[in-house]
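Shown next: my_file_33.txt, given as compact mmCIF, C-alpha atoms.
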# COMPACT_ATOMS: atom_id res chain seq x y z
CA MET A 1 -93.65 260.86 -10.11
CA GLN A 2 -97.01 261.01 -11.87
CA ILE A 3 -99.99 258.71 -11.27
CA PRO A 4 -102.99 258.72 -13.64
CA VAL A 5 -106.52 258.87 -12.30
CA ARG A 6 -109.74 258.24 -14.20
CA LEU A 7 -112.22 260.83 -12.99
CA CYS A 8 -115.96 260.23 -13.21
CA ALA A 9 -119.03 262.04 -11.91
CA ILE A 10 -122.37 260.51 -11.01
CA GLU A 11 -125.32 262.03 -12.81
CA GLY A 12 -126.91 264.50 -10.42
CA SER A 13 -123.66 265.60 -8.79
CA PRO A 14 -122.35 269.14 -9.43
CA ALA A 15 -119.20 267.70 -11.00
CA ALA A 16 -121.34 266.17 -13.77
CA THR A 17 -122.16 269.64 -15.08
CA ALA A 18 -118.94 271.40 -14.03
CA PRO A 19 -116.07 269.00 -14.77
CA SER A 20 -113.51 271.82 -14.79
CA THR A 21 -114.15 272.30 -11.08
CA LEU A 22 -113.10 268.71 -10.40
CA LEU A 23 -110.01 269.04 -12.57
CA LYS A 24 -108.99 272.17 -10.66
CA LEU A 25 -109.60 270.35 -7.39
CA LEU A 26 -107.18 267.65 -8.50
CA ASP A 27 -104.61 270.34 -9.27
CA GLN A 28 -105.13 271.77 -5.79
CA VAL A 29 -104.55 268.32 -4.28
CA ASN A 30 -101.22 268.19 -6.09
CA ASP A 31 -100.16 271.78 -5.51
CA THR A 32 -100.88 271.91 -1.79
CA ILE A 33 -100.40 268.37 -0.52
CA TRP A 34 -99.03 265.55 -2.63
CA TYR A 35 -96.42 267.24 -4.81
CA PRO A 36 -94.72 269.27 -2.07
CA GLY A 37 -95.16 266.43 0.44
CA ALA A 38 -93.94 263.45 -1.58
CA GLN A 39 -93.09 264.65 -5.11
CA ILE A 40 -96.13 262.74 -6.36
CA ALA A 41 -98.80 264.20 -8.61
CA PHE A 42 -102.13 262.66 -9.63
CA SER A 43 -103.26 263.59 -13.12
CA SER A 44 -106.31 263.12 -15.26
CA ALA A 45 -105.59 261.58 -18.64
CA ILE A 46 -107.93 264.12 -20.23
CA GLU A 47 -107.85 267.87 -19.75
CA THR A 48 -111.47 268.66 -20.45
CA GLY A 49 -114.65 266.74 -19.73
CA ILE A 50 -115.06 263.61 -17.67
CA PRO A 51 -117.34 260.57 -18.05
CA VAL A 52 -120.73 260.94 -16.38
CA ILE A 53 -122.12 257.68 -15.04
CA PRO A 54 -125.70 256.86 -13.98
CA ASP A 55 -126.76 256.59 -10.36
CA PRO A 56 -126.16 252.94 -9.33
CA SER A 57 -129.59 252.78 -7.63
CA PRO A 58 -131.85 255.31 -9.35
CA ASN A 59 -135.06 253.97 -7.80
CA ASP A 60 -134.04 253.70 -4.14
CA GLY A 61 -135.86 256.89 -3.12
CA SER A 62 -132.73 259.03 -2.74
CA ALA A 63 -131.84 262.05 -4.85
CA LYS A 64 -130.02 261.42 -8.10
CA GLY A 65 -126.28 261.24 -7.43
CA ASP A 66 -126.60 260.16 -3.78
CA LEU A 67 -124.99 256.94 -2.58
CA THR A 68 -125.83 254.65 0.31
CA VAL A 69 -122.62 253.53 1.98
CA ALA A 70 -122.24 250.01 3.36
CA PHE A 71 -118.52 250.11 4.09
CA LEU A 72 -116.84 249.33 0.75
CA SER A 73 -119.54 247.28 -0.92
CA GLY A 74 -122.83 248.24 -2.49
CA GLU A 75 -123.20 251.54 -4.29
CA PRO A 76 -119.62 252.90 -3.96
CA ALA A 77 -118.17 249.72 -5.49
CA ALA A 78 -120.88 249.72 -8.17
CA ALA A 79 -120.10 253.36 -9.00
CA ALA A 80 -116.39 252.56 -9.29
CA SER A 81 -117.15 249.65 -11.64
CA ALA A 82 -119.34 251.90 -13.78
CA CYS A 83 -116.54 254.46 -13.92
CA GLU A 84 -114.06 251.82 -15.06
CA ALA A 85 -116.51 250.63 -17.72
CA ALA A 86 -117.06 254.19 -18.97
CA TRP A 87 -113.32 254.74 -19.32
CA ALA A 88 -112.85 251.38 -21.02
CA SER A 89 -115.49 252.41 -23.56
CA LYS A 90 -114.14 255.91 -24.22
CA PHE A 91 -110.42 255.35 -23.65
CA PRO A 92 -109.58 251.66 -24.08
CA GLY A 93 -106.48 250.53 -22.25
CA GLN A 94 -106.08 253.70 -20.19
CA PRO A 95 -104.77 252.75 -16.73
CA GLY A 96 -105.35 254.71 -13.55
CA ILE A 97 -107.21 254.92 -10.27
CA ALA A 98 -110.99 255.26 -10.67
CA VAL A 99 -112.13 258.37 -8.77
CA VAL A 100 -115.88 258.93 -8.63
CA VAL A 101 -117.58 262.08 -7.34
CA ALA A 102 -121.08 261.67 -5.92
CA ARG A 103 -123.58 264.29 -4.80
CA LYS A 104 -123.49 263.09 -1.19
CA PHE A 105 -123.54 259.99 0.96
CA ILE A 106 -126.66 259.03 2.89
CA ASN A 107 -127.00 256.82 5.96
CA SER A 108 -123.32 257.30 6.64
CA GLY A 109 -122.89 260.08 9.18
CA LEU A 110 -120.12 262.47 8.18
CA THR A 111 -118.40 260.17 5.68
CA LEU A 112 -116.74 262.18 2.94
CA GLY A 113 -115.03 259.39 1.03
CA VAL A 114 -114.44 255.65 0.83
CA THR A 115 -111.51 253.69 -0.59
CA PRO A 116 -110.59 250.01 -0.34
CA GLY A 117 -107.77 249.30 2.05
CA SER A 118 -104.72 247.15 1.54
CA ASP A 119 -105.28 243.49 0.75
CA THR A 120 -105.06 241.73 4.11
CA GLY A 121 -102.44 239.36 2.72
CA LEU A 122 -100.09 242.32 2.42
CA MET A 123 -100.79 243.83 5.84
CA VAL A 124 -98.41 243.37 8.72
CA ALA A 125 -101.25 241.98 10.83
CA SER A 126 -101.03 238.81 8.75
CA ALA A 127 -97.25 238.40 8.92
CA LYS A 128 -97.25 235.48 11.34
CA ALA A 129 -95.03 232.42 11.22
CA GLY A 130 -96.65 229.76 9.06
CA SER A 131 -99.46 232.04 7.88
CA GLY A 132 -98.20 232.22 4.32
CA LYS A 133 -99.01 235.94 4.33
CA ARG A 134 -96.65 238.67 3.22
CA GLY A 135 -96.89 241.45 5.81
CA ASP A 136 -93.58 243.30 5.72
CA ASP A 137 -93.39 243.20 1.94
CA LEU A 138 -95.74 246.20 2.09
CA CYS A 139 -94.67 247.53 5.47
CA GLY A 140 -90.92 247.34 5.08
CA PHE A 141 -87.99 248.92 3.35
CA PRO A 142 -87.34 248.01 0.63
CA LEU A 143 -90.96 247.50 -0.36
CA HIS A 144 -91.74 244.32 -2.31
CA VAL A 145 -95.16 244.77 -3.90
CA ARG A 146 -95.58 243.97 -7.59
CA ALA A 147 -97.69 245.83 -10.10
CA ASP A 148 -99.80 242.72 -10.79
CA GLU A 149 -100.66 242.51 -7.09
CA VAL A 150 -102.00 246.07 -7.15
CA VAL A 151 -104.15 245.35 -10.21
CA ASN A 152 -105.41 241.96 -9.03
CA MET A 153 -106.15 242.75 -5.40
CA ASN A 154 -109.52 241.54 -4.16
CA ARG A 155 -110.11 245.19 -3.28
CA ARG A 156 -108.95 247.03 -6.36
CA PRO A 157 -107.84 250.67 -6.10
CA PHE A 158 -110.64 253.19 -6.35
CA SER A 159 -111.97 256.20 -4.46
CA VAL A 160 -115.47 257.57 -4.16
CA VAL A 161 -115.73 261.08 -2.75
CA VAL A 162 -118.60 263.51 -2.33
CA ASP A 163 -119.09 267.14 -3.20
CA ALA A 164 -118.30 268.85 0.10
CA SER A 165 -120.75 271.68 -0.57
CA PHE A 166 -123.60 269.36 0.38
CA ILE A 167 -122.23 268.80 3.90
CA PRO A 168 -122.55 271.83 6.22
CA GLY A 169 -119.29 272.65 7.93
CA SER A 170 -117.32 270.07 5.94
CA SER A 171 -113.57 270.29 5.85
CA ASP A 172 -111.41 271.21 2.90
CA PRO A 173 -112.54 269.12 -0.12
CA ALA A 174 -108.96 269.02 -1.49
CA ARG A 175 -107.74 267.46 1.75
CA ASN A 176 -110.60 264.94 1.63
CA LEU A 177 -109.68 263.86 -1.90
CA ALA A 178 -105.97 263.81 -1.04
CA HIS A 179 -106.74 261.55 1.96
CA GLU A 180 -108.62 259.04 -0.19
CA LEU A 181 -105.84 259.01 -2.77
CA GLY A 182 -103.46 258.25 0.11
CA HIS A 183 -105.41 255.06 0.74
CA ASN A 184 -104.89 254.14 -2.91
CA LEU A 185 -101.17 254.28 -2.18
CA PHE A 186 -101.79 251.84 0.70
CA LEU A 187 -101.54 254.37 3.52
CA GLY A 188 -103.79 253.49 6.43
CA HIS A 189 -105.29 255.85 8.98
CA GLY A 190 -102.78 257.20 11.45
CA ASN A 191 -100.50 260.09 12.29
CA GLY A 192 -97.65 258.60 10.29
CA LEU A 193 -95.35 258.14 13.29
CA ASP A 194 -93.97 255.01 14.90
CA ASP A 195 -95.52 255.87 18.25
CA ASN A 196 -94.65 252.57 19.93
CA HIS A 197 -91.12 252.47 18.45
CA ASP A 198 -91.26 248.96 17.00
CA GLY A 199 -89.99 249.78 13.52
CA LYS A 200 -87.06 251.29 11.69
CA PRO A 201 -86.42 254.92 10.67
CA THR A 202 -86.85 255.93 7.03
CA GLY A 203 -84.14 254.89 4.63
CA THR A 204 -83.02 251.82 6.58
CA ARG A 205 -83.77 248.18 5.84
CA GLY A 206 -86.49 246.62 7.95
CA PRO A 207 -90.10 247.12 9.01
CA LEU A 208 -91.65 250.57 8.74
CA ARG A 209 -94.30 250.89 11.41
CA CYS A 210 -97.05 253.49 11.20
CA GLY A 211 -100.80 253.58 10.65
CA GLU A 212 -103.48 250.92 10.67
CA TYR A 213 -102.00 248.84 7.83
CA CYS A 214 -98.41 248.61 9.01
CA ASP A 215 -98.95 248.67 12.77
CA PRO A 216 -102.59 247.74 13.30
CA GLY A 217 -104.66 249.11 16.09
CA TRP A 218 -106.11 252.45 15.01
CA MET A 219 -109.86 252.28 15.74
CA LEU A 220 -109.56 248.55 16.51
CA PRO A 221 -110.71 246.78 19.72
CA PRO A 222 -108.32 247.06 22.68
CA ASN A 223 -107.82 243.27 22.76
CA PHE A 224 -106.26 243.28 19.28
CA GLU A 225 -102.90 241.55 19.59
CA GLU A 226 -100.87 244.65 18.72
CA LEU A 227 -101.21 247.90 20.65
CA ALA A 228 -102.66 250.85 18.79
CA GLU A 229 -100.13 253.11 17.14
CA ASP A 230 -102.19 256.27 17.49
CA LYS A 231 -104.99 255.40 19.87
CA ASN A 232 -103.48 256.94 22.99
CA THR A 233 -101.52 259.70 21.27
CA VAL A 234 -102.62 263.25 22.11
CA PHE A 235 -102.63 265.44 19.02
CA VAL A 236 -100.27 268.41 19.31
CA SER A 237 -99.86 269.84 15.81
CA CYS A 238 -99.84 268.68 12.20
CA THR A 239 -96.09 268.93 11.85
CA GLN A 240 -95.26 267.39 15.21
CA ASN A 241 -97.59 264.38 15.33
CA GLY A 242 -100.31 264.68 12.72
CA SER A 243 -100.80 263.79 9.08
CA LEU A 244 -103.16 263.78 6.14
CA MET A 245 -104.18 260.23 7.05
CA PHE A 246 -105.20 261.01 10.64
CA PRO A 247 -108.95 261.63 10.25
CA SER A 248 -109.50 263.54 13.49
CA ALA A 249 -107.12 266.33 12.47
CA SER A 250 -107.37 268.41 9.29
CA CYS A 251 -103.70 268.17 8.40
CA PRO A 252 -102.34 268.66 4.87
CA ASN A 253 -98.96 267.05 5.50
CA LEU A 254 -97.37 263.61 5.28
CA GLN A 255 -94.83 262.18 7.70
CA PRO A 256 -91.54 260.63 6.42
CA LEU A 257 -92.67 257.03 6.97
CA GLN A 258 -95.80 257.70 4.94
CA VAL A 259 -93.81 259.35 2.16
CA GLU A 260 -91.50 256.33 1.90
CA THR A 261 -94.44 253.90 1.68
CA ALA A 262 -96.38 256.09 -0.77
CA ARG A 263 -93.42 256.56 -3.11
CA GLY A 264 -92.70 252.84 -3.06
CA MET A 265 -96.30 252.07 -3.98
CA ALA A 266 -96.40 254.82 -6.60
CA LEU A 267 -93.71 253.04 -8.57
CA VAL A 268 -95.95 250.01 -9.11
CA MET A 269 -99.27 251.79 -9.68
CA PRO A 270 -100.72 251.11 -13.16
CA GLY A 271 -99.62 253.79 -15.61
CA ALA A 272 -97.31 255.58 -13.18
CA LYS A 273 -94.34 257.46 -14.63
CA ASP A 274 -91.18 258.19 -12.72
CA GLY A 275 -89.69 261.65 -12.98
CA THR A 276 -90.95 265.20 -12.64
CA PRO A 277 -94.69 265.44 -13.36
CA GLN A 278 -95.90 267.71 -16.11
CA ARG A 279 -98.59 269.43 -14.12
CA VAL A 280 -101.18 272.01 -15.12
CA SER A 281 -101.46 274.41 -12.20
CA SER A 282 -104.90 275.36 -10.98
CA GLN A 283 -103.72 278.95 -11.36
CA GLN A 284 -103.35 278.58 -15.12
CA GLU A 285 -105.94 278.65 -17.85
CA ARG A 286 -106.82 275.26 -19.28

How would this structure read if it were set down as structure tokens?
Amino acid sequence: MQIPVRLCAIEGSPAATAPSTLLKLLDQVNDTIWYPGAQIAFSSAIETGIPVIPDPSPNDGSAKGDLTVAFLSGEPAAAASACEAAWASKFPGQPGIAVVVARKFINSGLTLGVTPGSDTGLMVASAKAGSGKRGDDLCGFPLHVRADEVVNMNRRPFSVVVDASFIPGSSDPARNLAHELGHNLFLGHGNGLDDNHDGKPTGTRGPLRCGEYCDPGWMLPPNFEELAEDKNTVFVSCTQNGSLMFPSASCPNLQPLQVETARGMALVMPGAKDGTPQRVSSQQER
């Protein structure tokens, strides 16, 4: 299964002058994480060159290419909009997830990427009697999310990541990008396991419970009405109880519940194509 992405670089970031590096990074994301883990590959619609967009706030006193992060609003959202506009100008009608590479984030601690989460109307937290919300349509098997809902979400799919070379001791940049792309497939933070055993196993009809979208509680207050899936779980190993979406562990793998959700969402992503992706390996010449 192949999902198109629309890569952009902010002027001042290394990717703006070395687009081939970003294209190879995307190949690495596929080769090491997403394709072996879920038979999903993310691909750029163009093989050479990427749009370069201006800094959203060039006069804010920061270096060119740096972004101030205020959760999902402000400069990251503005950069994503500029990326979409650049693609619309150069490649009209081309679908795909907007992925923007910045020089670095400022005023944000160790943040390496931001992506909008699932629309709250689709999250299991809202699946209450009489609420009119959907809940298990996203967090169940079979999944019932339509392509128009993905496109028209209040928080549209996009990712903004930074060049890891500007953050001393940063983790693998391919894993960081792969993590953000996981959010675009509506995977929340978590180890990917049904730790409190309130869902169904993969491949069976019913609720699939894992992560902060489908069993809320990760990094949420203790008085939240559902207990945390991962909050009290001691990390053992990536294969046993870790995943790409668990931020405190640098794991490259996906758990079966995450794979089932991601593949279901991949089918309704704009421009997605079912079948074996035609990938260009990072080991090959472009």

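A cut-off of 12 Å from the point (-122.9, 269.2, -12.6), with only C-alpha atoms, picks out the residues Cys8, Ala9, Ile10, Glu11, Gly12, Ser13, Pro14, Ala15, Ala16, Thr17, Ala18, Pro19, Ser20, Thr21, Leu22, Gly49, Ile50, Pro51, Val52, Ile53, Lys64, Gly65, Val101, Ala102, Arg103 and Asp163 of chain A.
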
I need the chosen residues saved as a PDB file, in the coordinates of the input, with C-alpha atoms.
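What ended up in out39.pdb:
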ATOM      1  CA  CYS A   8    -115.960 260.230 -13.210  1.00  0.00           C
ATOM      2  CA  ALA A   9    -119.030 262.040 -11.910  1.00  0.00           C
ATOM      3  CA  ILE A  10    -122.370 260.510 -11.010  1.00  0.00           C
ATOM      4  CA  GLU A  11    -125.320 262.030 -12.810  1.00  0.00           C
ATOM      5  CA  GLY A  12    -126.910 264.500 -10.420  1.00  0.00           C
ATOM      6  CA  SER A  13    -123.660 265.600  -8.790  1.00  0.00           C
ATOM      7  CA  PRO A  14    -122.350 269.140  -9.430  1.00  0.00           C
ATOM      8  CA  ALA A  15    -119.200 267.700 -11.000  1.00  0.00           C
ATOM      9  CA  ALA A  16    -121.340 266.170 -13.770  1.00  0.00           C
ATOM     10  CA  THR A  17    -122.160 269.640 -15.080  1.00  0.00           C
ATOM     11  CA  ALA A  18    -118.940 271.400 -14.030  1.00  0.00           C
ATOM     12  CA  PRO A  19    -116.070 269.000 -14.770  1.00  0.00           C
ATOM     13  CA  SER A  20    -113.510 271.820 -14.790  1.00  0.00           C
ATOM     14  CA  THR A  21    -114.150 272.300 -11.080  1.00  0.00           C
ATOM     15  CA  LEU A  22    -113.100 268.710 -10.400  1.00  0.00           C
ATOM     16  CA  GLY A  49    -114.650 266.740 -19.730  1.00  0.00           C
ATOM     17  CA  ILE A  50    -115.060 263.610 -17.670  1.00  0.00           C
ATOM     18  CA  PRO A  51    -117.340 260.570 -18.050  1.00  0.00           C
ATOM     19  CA  VAL A  52    -120.730 260.940 -16.380  1.00  0.00           C
ATOM     20  CA  ILE A  53    -122.120 257.680 -15.040  1.00  0.00           C
ATOM     21  CA  LYS A  64    -130.020 261.420  -8.100  1.00  0.00           C
ATOM     22  CA  GLY A  65    -126.280 261.240  -7.430  1.00  0.00           C
ATOM     23  CA  VAL A 101    -117.580 262.080  -7.340  1.00  0.00           C
ATOM     24  CA  ALA A 102    -121.080 261.670  -5.920  1.00  0.00           C
ATOM     25  CA  ARG A 103    -123.580 264.290  -4.800  1.00  0.00           C
ATOM     26  CA  ASP A 163    -119.090 267.140  -3.200  1.00  0.00           C
TER      27      ASP A 163
END

#### Entry: Point-to-point distance from CA of Glu75 (chain A) to CA of Pro56 (chain A), Å rounded to tenths
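Going from CA of Glu75 (chain A) over to CA of Pro56 (chain A), I get 6.0 Å.
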
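Separating CA of Ile97 (chain A) from CA of Ala78 (chain A) is a distance of 14.8 Å.
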
### Task
For Gly140 (chain A), list every protein, DNA or RNA residue within 12 Å, evaluated using all atoms listed in the file, and leave out those in the same chain fewer than 4 positions away; present the list as number ranges by chain.
A: 122-124, 127, 134-136, 144-145, 199-210, 213-215, 257-258, 260-262, 264-265

#### Entry: Computed interatomic separation between CA of Val162 (chain A) and CA of Thr233 (chain A) (Å)
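Computing the Euclidean distance for CA of Val162 (chain A) and CA of Thr233 (chain A) yields 29.4 Å.
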
### Query
Counting all atoms listed in the file, which of A:Ala38, A:Cys238, A:Ile106, A:Leu7 gets nearest to Gly182 (chain A)?
A:Ala38

### Message
With distances taken over all atoms listed in the file, which residue among A:Asn253, A:Asn176, A:Gln240, A:Gln39 lies nearest Asp195 (chain A)?
### Response
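Going through A:Asn253, A:Asn176, A:Gln240, A:Gln39 one by one, the smallest distance to Asp195 (chain A) is for A:Gln240.
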
#### Entry: Among the residues A:Leu26, A:Val151, A:Leu187, A:Met245, the one that comes closest to Val268 (chain A) [using only C-alpha atoms]
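When distances to Val268 (chain A) are compared using only C-alpha atoms, the smallest one comes from A:Val151.
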
#### Entry: Selected residue, from A:Asn196, A:Ser250, A:Ser81, A:Thr68, that lies nearest to His179 (chain A) when counting only C-alpha atoms
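Nearest to His179 (chain A): A:Ser250.
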